[in-house]
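Participant: mmCIF, C-alpha atoms (C1' of nucleotides), file my_file.cif:
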```
data_protein
#
loop_
_atom_site.label_atom_id
_atom_site.label_comp_id
_atom_site.auth_asym_id
_atom_site.auth_seq_id
_atom_site.Cartn_x
_atom_site.Cartn_y
_atom_site.Cartn_z
CA MET A 1 -29.69 5.05 -8.72
CA THR A 2 -32.28 7.72 -9.36
CA LYS A 3 -32.97 9.35 -12.69
CA LYS A 4 -31.41 12.56 -11.45
CA GLU A 5 -28.20 10.87 -10.44
CA GLU A 6 -28.11 9.07 -13.74
CA LYS A 7 -28.45 12.38 -15.55
CA LYS A 8 -25.68 13.89 -13.48
CA PHE A 9 -23.40 11.03 -14.38
CA GLU A 10 -24.20 11.26 -18.06
CA HIS A 11 -23.33 14.90 -17.95
CA PHE A 12 -20.04 14.26 -16.23
CA LEU A 13 -19.20 11.46 -18.65
CA GLU A 14 -19.83 13.66 -21.63
CA GLU A 15 -17.50 16.34 -20.35
CA PHE A 16 -14.89 13.82 -19.38
CA LYS A 17 -14.93 12.18 -22.79
CA THR A 18 -14.40 15.50 -24.48
CA LEU A 19 -11.36 16.05 -22.30
CA VAL A 20 -10.04 12.58 -23.08
CA THR A 21 -10.29 13.23 -26.80
CA LYS A 22 -8.72 16.64 -26.44
CA LYS A 23 -5.74 15.07 -24.69
CA GLY A 24 -5.29 12.63 -27.54
CA PHE A 25 -6.60 9.50 -25.86
CA LYS A 26 -9.46 7.31 -26.93
CA ASN A 27 -12.82 6.66 -25.35
CA THR A 28 -13.94 3.06 -25.06
CA VAL A 29 -16.89 1.13 -23.73
CA GLN A 30 -14.59 -0.42 -21.12
CA LYS A 31 -13.60 2.95 -19.70
CA ASP A 32 -17.23 4.09 -19.59
CA CYS A 33 -18.29 1.02 -17.66
CA ILE A 34 -15.47 1.22 -15.13
CA LEU A 35 -16.21 4.85 -14.54
CA LYS A 36 -19.90 4.17 -14.07
CA VAL A 37 -19.24 1.41 -11.59
CA LEU A 38 -16.97 3.69 -9.59
CA TYR A 39 -19.37 6.60 -9.78
CA PHE A 40 -22.30 4.66 -8.37
CA SER A 41 -20.45 2.49 -5.91
CA LYS A 42 -21.00 3.23 -2.27
CA GLU A 43 -17.99 1.14 -1.33
CA HIS A 44 -14.33 1.49 -2.12
CA LEU A 45 -13.58 -1.14 -4.70
CA SER A 46 -10.44 -3.05 -5.57
CA ALA A 47 -9.40 -3.68 -9.16
CA GLU A 48 -10.64 -7.22 -8.95
CA GLU A 49 -14.02 -6.18 -7.59
CA ILE A 50 -14.38 -3.63 -10.34
CA THR A 51 -13.58 -6.24 -12.95
CA LYS A 52 -16.25 -8.58 -11.61
CA LYS A 53 -18.82 -5.82 -11.31
CA VAL A 54 -18.31 -4.71 -14.89
CA GLN A 55 -18.49 -8.28 -16.12
CA LYS A 56 -21.67 -8.89 -14.19
CA GLU A 57 -23.52 -5.61 -14.59
CA PHE A 58 -22.67 -5.04 -18.22
CA ASP A 59 -22.28 -8.66 -19.28
CA MET A 60 -18.91 -7.78 -20.73
CA ASP A 61 -15.70 -9.77 -20.90
CA ILE A 62 -13.25 -7.21 -19.58
CA GLY A 63 -9.69 -8.17 -18.61
CA ILE A 64 -8.19 -7.12 -15.32
CA ALA A 65 -5.21 -5.60 -17.13
CA THR A 66 -7.56 -3.18 -18.81
CA VAL A 67 -9.07 -2.31 -15.47
CA TYR A 68 -5.67 -1.56 -13.98
CA ARG A 69 -4.67 0.50 -17.01
CA SER A 70 -7.90 2.44 -16.86
CA LEU A 71 -7.62 3.05 -13.14
CA ASN A 72 -4.13 4.45 -13.55
CA PHE A 73 -5.40 6.57 -16.39
CA PHE A 74 -8.33 7.92 -14.38
CA GLU A 75 -6.08 8.67 -11.47
CA GLN A 76 -3.79 10.69 -13.69
CA MET A 77 -6.80 12.44 -15.13
CA ASN A 78 -7.70 13.25 -11.55
CA VAL A 79 -11.24 11.83 -11.53
CA ILE A 80 -10.63 9.00 -9.09
CA GLU A 81 -8.34 8.46 -6.15
CA SER A 82 -6.80 5.46 -4.50
CA LEU A 83 -6.81 4.50 -0.88
CA ASP A 84 -4.67 2.16 1.19
CA VAL A 85 -6.95 0.24 3.52
CA GLY A 86 -4.24 -2.01 4.84
CA ASP A 87 -5.73 -5.22 3.48
CA GLY A 88 -3.09 -5.60 0.79
CA THR A 89 -5.04 -4.10 -2.08
CA LYS A 90 -5.38 -0.63 -3.44
CA ARG A 91 -8.97 0.58 -3.36
CA PHE A 92 -10.47 3.22 -5.56
CA GLU A 93 -13.22 5.78 -5.36
CA PHE A 94 -14.68 8.44 -7.56
CA LYS A 95 -13.44 11.89 -6.67
CA VAL A 96 -16.29 14.04 -5.45
CA GLU A 97 -16.31 17.81 -5.17
CA GLN A 98 -16.32 17.89 -1.41
CA HIS A 99 -13.22 16.33 -0.01
CA HIS A 100 -13.67 13.75 2.69
CA ASP A 101 -11.45 11.50 4.72
CA HIS A 102 -11.64 7.98 6.06
CA MET A 103 -11.91 6.18 9.31
CA ILE A 104 -11.00 2.52 9.05
CA CYS A 105 -11.75 -0.24 11.52
CA THR A 106 -8.60 -2.23 12.19
CA ASN A 107 -10.65 -5.31 12.94
CA CYS A 108 -13.30 -5.59 10.22
CA HIS A 109 -11.79 -3.12 7.70
CA LYS A 110 -15.07 -1.22 7.52
CA ILE A 111 -14.63 2.27 6.11
CA ILE A 112 -16.49 5.30 7.41
CA GLU A 113 -16.21 8.57 5.54
CA PHE A 114 -16.15 11.93 7.25
CA SER A 115 -15.28 15.48 6.47
CA ASP A 116 -14.00 18.09 8.80
CA ASP A 117 -13.44 21.72 7.92
CA PHE A 118 -10.78 22.24 10.54
CA ILE A 119 -8.70 19.50 9.09
CA GLU A 120 -9.19 20.84 5.58
CA LEU A 121 -8.02 24.28 6.63
CA ASN A 122 -5.14 23.06 8.71
CA GLN A 123 -3.52 21.00 6.03
CA ILE A 124 -3.41 24.03 3.78
CA LYS A 125 -1.60 25.94 6.51
CA VAL A 126 0.83 23.12 7.13
CA ALA A 127 1.64 22.82 3.44
CA GLU A 128 2.24 26.55 3.11
CA LYS A 129 4.46 26.67 6.15
CA ASN A 130 6.72 24.05 4.59
CA GLY A 131 6.85 25.51 1.10
CA PHE A 132 4.77 22.73 -0.41
CA ILE A 133 2.38 23.20 -3.29
CA LEU A 134 -0.58 21.25 -2.01
CA GLU A 135 -2.04 18.69 -4.36
CA ASP A 136 -4.00 16.39 -2.15
CA HIS A 137 -4.09 14.93 1.29
CA ILE A 138 -5.14 11.79 3.07
CA MET A 139 -6.31 11.74 6.62
CA THR A 140 -7.04 8.26 7.83
CA ILE A 141 -8.05 7.41 11.33
CA TYR A 142 -7.59 3.85 12.53
CA GLY A 143 -9.50 2.36 15.39
CA LEU A 144 -12.23 -0.02 16.46
CA CYS A 145 -15.70 0.66 15.15
CA GLU A 146 -18.75 0.36 17.38
CA ASP A 147 -19.51 -3.19 16.24
CA CYS A 148 -16.01 -4.48 16.91
CA GLN A 149 -15.34 -2.96 20.30
CA MET B 1 24.89 8.80 16.72
CA THR B 2 26.07 10.44 19.91
CA LYS B 3 26.90 8.64 23.11
CA LYS B 4 23.76 10.04 24.70
CA GLU B 5 21.52 8.72 21.94
CA GLU B 6 23.24 5.38 22.13
CA LYS B 7 22.54 5.25 25.85
CA LYS B 8 18.91 6.13 25.28
CA PHE B 9 18.56 3.33 22.79
CA GLU B 10 20.21 0.80 25.07
CA HIS B 11 17.77 1.75 27.76
CA PHE B 12 14.80 1.35 25.47
CA LEU B 13 16.10 -1.97 24.18
CA GLU B 14 16.50 -3.30 27.68
CA GLU B 15 12.91 -2.44 28.59
CA PHE B 16 11.61 -3.79 25.32
CA LYS B 17 13.42 -7.10 25.73
CA THR B 18 11.92 -7.54 29.18
CA LEU B 19 8.48 -7.04 27.69
CA VAL B 20 9.22 -9.52 24.90
CA THR B 21 10.24 -12.17 27.39
CA LYS B 22 7.25 -11.44 29.58
CA LYS B 23 4.96 -12.01 26.60
CA GLY B 24 6.53 -15.38 25.94
CA PHE B 25 8.57 -14.48 22.86
CA LYS B 26 12.31 -14.73 22.42
CA ASN B 27 14.95 -12.09 21.98
CA THR B 28 17.47 -12.58 19.21
CA VAL B 29 20.45 -10.77 17.76
CA GLN B 30 18.48 -10.29 14.54
CA LYS B 31 15.69 -8.44 16.28
CA ASP B 32 18.14 -6.23 18.13
CA CYS B 33 19.91 -5.23 14.93
CA ILE B 34 16.72 -4.46 13.02
CA LEU B 35 15.46 -2.36 15.87
CA LYS B 36 18.74 -0.48 16.10
CA VAL B 37 18.73 0.25 12.39
CA LEU B 38 15.19 1.58 12.61
CA TYR B 39 15.90 3.57 15.73
CA PHE B 40 18.82 5.45 14.22
CA SER B 41 17.55 5.79 10.68
CA LYS B 42 16.59 9.26 9.55
CA GLU B 43 14.77 7.84 6.55
CA HIS B 44 11.78 5.59 6.27
CA LEU B 45 13.16 2.23 5.24
CA SER B 46 11.70 -0.64 3.26
CA ALA B 47 12.18 -4.26 4.31
CA GLU B 48 14.82 -4.73 1.65
CA GLU B 49 16.74 -1.64 2.73
CA ILE B 50 16.65 -2.80 6.32
CA THR B 51 17.97 -6.20 5.31
CA LYS B 52 20.90 -4.66 3.45
CA LYS B 53 21.68 -2.22 6.26
CA VAL B 54 21.78 -4.97 8.85
CA GLN B 55 23.95 -7.13 6.61
CA LYS B 56 26.34 -4.26 6.01
CA GLU B 57 26.46 -2.55 9.39
CA PHE B 58 26.55 -5.68 11.49
CA ASP B 59 28.23 -8.00 8.98
CA MET B 60 25.44 -10.46 9.54
CA ASP B 61 23.73 -12.85 7.13
CA ILE B 62 20.10 -12.05 7.84
CA GLY B 63 17.29 -13.33 5.60
CA ILE B 64 14.59 -11.00 4.34
CA ALA B 65 11.91 -13.35 5.68
CA THR B 66 13.24 -12.76 9.17
CA VAL B 67 13.12 -9.04 8.58
CA TYR B 68 9.49 -9.19 7.49
CA ARG B 69 8.57 -11.38 10.43
CA SER B 70 10.35 -9.07 12.85
CA LEU B 71 8.73 -5.98 11.35
CA ASN B 72 5.28 -7.48 11.74
CA PHE B 73 6.19 -8.44 15.28
CA PHE B 74 7.42 -4.94 16.14
CA GLU B 75 4.33 -3.41 14.65
CA GLN B 76 2.13 -5.59 16.82
CA MET B 77 4.27 -4.69 19.80
CA ASN B 78 3.59 -1.10 18.89
CA VAL B 79 7.19 0.11 18.68
CA ILE B 80 7.28 0.79 14.95
CA GLU B 81 4.75 1.89 12.37
CA SER B 82 4.39 1.43 8.66
CA LEU B 83 3.76 4.02 6.01
CA ASP B 84 2.48 3.86 2.45
CA VAL B 85 4.58 6.20 0.35
CA GLY B 86 3.02 5.16 -2.93
CA ASP B 87 6.18 3.66 -4.40
CA GLY B 88 4.96 0.09 -4.11
CA THR B 89 6.67 -0.79 -0.84
CA LYS B 90 5.74 -0.50 2.79
CA ARG B 91 8.14 1.70 4.70
CA PHE B 92 8.79 1.56 8.39
CA GLU B 93 9.83 3.91 11.13
CA PHE B 94 10.47 3.78 14.81
CA LYS B 95 7.56 5.10 16.83
CA VAL B 96 8.55 8.18 18.75
CA GLU B 97 6.71 9.65 21.72
CA GLN B 98 5.45 12.69 19.89
CA HIS B 99 3.18 11.77 17.04
CA HIS B 100 3.97 13.31 13.71
CA ASP B 101 2.58 13.15 10.22
CA HIS B 102 4.02 13.16 6.74
CA MET B 103 4.15 15.35 3.73
CA ILE B 104 5.21 13.51 0.61
CA CYS B 105 6.45 15.00 -2.65
CA THR B 106 4.59 13.40 -5.54
CA ASN B 107 7.56 13.98 -7.80
CA CYS B 108 10.67 12.91 -5.89
CA HIS B 109 8.95 10.95 -3.07
CA LYS B 110 10.82 12.98 -0.47
CA ILE B 111 9.18 12.77 2.95
CA ILE B 112 8.91 15.70 5.30
CA GLU B 113 7.66 15.14 8.82
CA PHE B 114 5.52 17.60 10.68
CA SER B 115 3.33 17.70 13.72
CA ASP B 116 0.32 19.84 14.31
CA ASP B 117 -1.61 20.03 17.54
CA PHE B 118 -4.86 21.05 15.88
CA ILE B 119 -4.84 17.97 13.75
CA GLU B 120 -4.04 15.80 16.73
CA LEU B 121 -6.95 17.21 18.68
CA ASN B 122 -9.36 17.13 15.83
CA GLN B 123 -8.93 13.50 14.99
CA ILE B 124 -9.80 12.63 18.56
CA LYS B 125 -13.02 14.60 18.22
CA VAL B 126 -13.88 13.02 14.91
CA ALA B 127 -13.31 9.53 16.27
CA GLU B 128 -15.48 10.20 19.31
CA LYS B 129 -18.27 11.65 17.25
CA ASN B 130 -18.45 8.43 15.25
CA GLY B 131 -18.20 6.02 18.14
CA PHE B 132 -14.72 4.86 17.21
CA ILE B 133 -12.11 3.82 19.72
CA LEU B 134 -9.09 5.62 18.37
CA GLU B 135 -5.97 3.57 17.86
CA ASP B 136 -3.90 5.57 15.46
CA HIS B 137 -4.14 7.94 12.59
CA ILE B 138 -2.32 8.89 9.45
CA MET B 139 -2.35 12.32 7.97
CA THR B 140 -0.46 12.53 4.76
CA ILE B 141 -0.23 15.58 2.60
CA TYR B 142 0.75 15.18 -1.02
CA GLY B 143 2.20 17.95 -3.11
CA LEU B 144 5.28 19.34 -4.76
CA CYS B 145 8.21 20.15 -2.53
CA GLU B 146 10.22 23.32 -2.99
CA ASP B 147 12.88 21.63 -5.10
CA CYS B 148 10.41 20.07 -7.53
CA GLN B 149 8.13 23.00 -8.18
"C1'" DC C 1 13.84 -29.53 26.84
"C1'" DT C 2 10.63 -27.18 24.17
"C1'" DA C 3 8.56 -23.53 21.99
"C1'" DC C 4 9.99 -19.69 19.46
"C1'" DT C 5 13.21 -18.19 15.49
"C1'" DT C 6 15.84 -18.39 11.59
"C1'" DG C 7 17.19 -19.04 6.52
"C1'" DC C 8 16.16 -20.83 2.45
"C1'" DA C 9 13.32 -21.53 -1.28
"C1'" DA C 10 8.86 -21.89 -2.90
"C1'" DA C 11 4.34 -19.88 -3.00
"C1'" DA C 12 1.20 -16.38 -2.92
"C1'" DG C 13 -0.90 -12.16 -3.74
"C1'" DG C 14 -1.44 -7.79 -6.39
"C1'" DT C 15 0.01 -5.09 -10.34
"C1'" DT C 16 2.46 -4.36 -14.71
"C1'" DT C 17 4.04 -5.50 -19.32
"C1'" DG C 18 4.82 -7.65 -24.11
"C1'" DC C 19 2.47 -8.78 -27.98
"C1'" DA C 20 -0.85 -9.64 -31.45
"C1'" DT C 21 -5.27 -7.95 -32.47
"C1'" DC C 22 -8.79 -4.63 -32.44
"C1'" DT C 23 -10.97 -0.09 -32.66
"C1'" DG C 24 -12.03 4.88 -32.11
"C1'" DA C 25 -11.26 9.45 -34.26
"C1'" DT D 1 -5.27 5.14 -41.60
"C1'" DC D 2 -2.91 4.51 -37.37
"C1'" DA D 3 -2.00 5.76 -32.59
"C1'" DG D 4 -4.11 4.33 -28.70
"C1'" DA D 5 -6.71 0.42 -26.31
"C1'" DT D 6 -7.78 -4.35 -25.28
"C1'" DG D 7 -7.19 -9.36 -23.66
"C1'" DC D 8 -4.41 -12.84 -22.64
"C1'" DA D 9 -0.62 -14.81 -20.47
"C1'" DA D 10 3.71 -14.22 -18.74
"C1'" DA D 11 6.59 -11.45 -15.94
"C1'" DC D 12 7.43 -8.74 -11.83
"C1'" DC D 13 7.71 -7.27 -6.99
"C1'" DT D 14 6.74 -7.35 -2.54
"C1'" DT D 15 5.33 -10.09 1.19
"C1'" DT D 16 4.13 -14.57 3.29
"C1'" DT D 17 4.68 -19.46 4.34
"C1'" DG D 18 6.40 -24.44 4.87
"C1'" DC D 19 10.01 -26.84 6.56
"C1'" DA D 20 14.20 -28.47 8.62
"C1'" DA D 21 17.65 -26.84 11.59
"C1'" DG D 22 19.07 -23.69 15.26
"C1'" DT D 23 18.70 -21.33 19.78
"C1'" DA D 24 16.89 -18.62 23.83
"C1'" DG D 25 14.90 -19.20 28.29
#
```
Can the structure in the file be given as structure tokens, please?
Facilitator:
Amino acid sequence: MTKKEEKKFEHFLEEFKTLVTKKGFKNTVQKDCILKVLYFSKEHLSAEEITKKVQKEFDMDIGIATVYRSLNFFEQMNVIESLDVGDGTKRFEFKVEQHHDHMICTNCHKIIEFSDDFIELNQIKVAEKNGFILEDHIMTIYGLCEDCQ
Amino acid sequence: MTKKEEKKFEHFLEEFKTLVTKKGFKNTVQKDCILKVLYFSKEHLSAEEITKKVQKEFDMDIGIATVYRSLNFFEQMNVIESLDVGDGTKRFEFKVEQHHDHMICTNCHKIIEFSDDFIELNQIKVAEKNGFILEDHIMTIYGLCEDCQ
DNA sequence: CTACTTGCAAAAGGTTTGCATCTGA
DNA sequence: TCAGATGCAAACCTTTTGCAAGTAG
């Protein structure tokens, strides 16, 4: 991670922590570490993977229960989102400004991210047409990736 | 279910059973019942719900293990598909000719089905652009339904 | 006949929860 | 100070599996 990215994260973290306090919750080292791992991870991690990463990268004895509680908390705070890959575990990723979707290989479970403006626009239309207040959407394409064909 | 629908199902079942035999698997009363329940269900059922429905509607003592095994079998045979509603269980539905997607209320978990040609076309394009051989896709929109707003 | 299926119960995951202890604001 | 957070282990739920018995082709 570059210095610039690091700075960007620090800035986000600061703002986030203010919000956490304002809502009456507490900031902890554990939460910071989990968030940092998610922020800088290129992959979509499971709770167990996050636990191990935090333990390894921060030399910290974090329990998986804390990780799950934090993940649920972050999801409610709308800074991360979860993803069903179909391998039996929930996977998590930091929520970035620009929405993107996923293409998953049914053979090797590789995940490719993509974003498509048409799809973004269309889901808004579909939601409106059905009287839904749009909160989020998931578009996942399943198929065989180039390596597995 | 009307007589016409019943007829349609019988016809499908007949064809499907031929395919099952041809592939070297066996047809059983249990499989027939599960398939019938899925075919005529308006809702997206969990394995447990399917088990109870079969037990009740056909007065049959089916085990949930059989239901799970059959569901996995049907999914591989490509006649049903599974759906992650976010309530901790996999839900299943019969695969109809015309693909459709889902809109799920984050409050009451109600599921509304919709289909949109633009989305159908676009996912094909996206898959091609990334060298994927398309198998399937899921587009799920999350939001608040009219009743829950 | 023989390989596929079934039902039961046990096992196996992943996720949540109770509780005593700890800690941030 | 004290409500919220943590770590541990136990509990929970859904799904899978081993095995002996049953059954379709």
Participant: Evaluate the PyMOL selection byres ((chain A) within 9 of (chain C)) against this structure - the residues, as JSON, numbers by chain, please.
Facilitator: {"A": [21, 26, 27, 28, 65, 68, 69, 88, 89, 90]}
Participant: Can you spell out as a list in words the set of residues that the PyMOL selection byres ((chain D) within 10 of (chain B)) selects in the structure I just provided?
Facilitator: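 So the PyMOL selection byres ((chain D) within 10 of (chain B)) ends up selecting DC13, DT14, DT15, DT16, DT17, DT23, DA24 and DG25 of chain D.
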Participant: Could you tell me how far atom CA of A:Cys105 lies from atom CA of B:Phe114, in Å and to one decimal?
Facilitator: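 It comes out at 24.8 Å.
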Participant: How close does chain B get to chain A? List, as a tab-separated table, each residue of chain B within 7 Å, its nearest atom pair and the distance in Å to one decimal, counting only C-alpha atoms.
Facilitator:
```
residue	atom	partner	partner_atom	distance
B:Ile119	CA	A:Ile119	CA	6.2
B:Gly131	CA	A:Glu146	CA	5.7
B:Phe132	CA	A:Cys145	CA	4.8
B:Ile133	CA	A:Leu144	CA	5.0
B:Leu134	CA	A:Gly143	CA	4.4
B:Glu135	CA	A:Gly143	CA	4.5
B:Asp136	CA	A:Tyr142	CA	5.0
B:His137	CA	A:Ile141	CA	4.1
B:Ile138	CA	A:Thr140	CA	5.0
B:Met139	CA	A:Met139	CA	4.2
B:Thr140	CA	A:Ile138	CA	5.0
B:Ile141	CA	A:His137	CA	4.1
B:Tyr142	CA	A:Asp136	CA	5.0
B:Gly143	CA	A:Leu134	CA	4.5
B:Leu144	CA	A:Ile133	CA	5.0
B:Cys145	CA	A:Phe132	CA	4.8
B:Glu146	CA	A:Gly131	CA	5.7
```
Participant: Store the residues of this selection in a file with C-alpha atoms, as a PDB file, keeping the file's coordinate frame.
Facilitator:
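Dumped everything to again_25.pdb:
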```
ATOM      1  CA  ILE B 119      -4.840  17.970  13.750  1.00  0.00           C
ATOM      2  CA  GLY B 131     -18.200   6.020  18.140  1.00  0.00           C
ATOM      3  CA  PHE B 132     -14.720   4.860  17.210  1.00  0.00           C
ATOM      4  CA  ILE B 133     -12.110   3.820  19.720  1.00  0.00           C
ATOM      5  CA  LEU B 134      -9.090   5.620  18.370  1.00  0.00           C
ATOM      6  CA  GLU B 135      -5.970   3.570  17.860  1.00  0.00           C
ATOM      7  CA  ASP B 136      -3.900   5.570  15.460  1.00  0.00           C
ATOM      8  CA  HIS B 137      -4.140   7.940  12.590  1.00  0.00           C
ATOM      9  CA  ILE B 138      -2.320   8.890   9.450  1.00  0.00           C
ATOM     10  CA  MET B 139      -2.350  12.320   7.970  1.00  0.00           C
ATOM     11  CA  THR B 140      -0.460  12.530   4.760  1.00  0.00           C
ATOM     12  CA  ILE B 141      -0.230  15.580   2.600  1.00  0.00           C
ATOM     13  CA  TYR B 142       0.750  15.180  -1.020  1.00  0.00           C
ATOM     14  CA  GLY B 143       2.200  17.950  -3.110  1.00  0.00           C
ATOM     15  CA  LEU B 144       5.280  19.340  -4.760  1.00  0.00           C
ATOM     16  CA  CYS B 145       8.210  20.150  -2.530  1.00  0.00           C
ATOM     17  CA  GLU B 146      10.220  23.320  -2.990  1.00  0.00           C
TER      18      GLU B 146
END
```
Participant: Around all the atoms of stretch 44-57 of chain A listed in the file, with 8 Å of room on each side, what axis-aligned box do you get, giving centre and edge lengths in Å to one decimal, as JSON?
Facilitator:
```
{"center_x": -16.5, "center_y": -3.7, "center_z": -9.1, "size_x": 30.1, "size_y": 26.4, "size_z": 30.0}
```
Participant: Spell out the residues picked by the PyMOL selection byres ((chain A and resi 37) around 12) here, as a ChimeraX atom specification.
Facilitator: /A:1,6,9,30-36,38-47,49-58,67,71,80,92-94
Participant: Which distance in Å separates atom CA of B:Cys108 and atom CA of A:His100, to one decimal?
Facilitator: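 So the answer is 25.8 Å.
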Participant: Report, in Å with one decimal, the straight-line distance from atom CA of B:Glu15 to atom CA of B:Gly63.
Facilitator: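 Straight-line distance from atom CA of B:Glu15 to atom CA of B:Gly63 works out to 25.8 Å.
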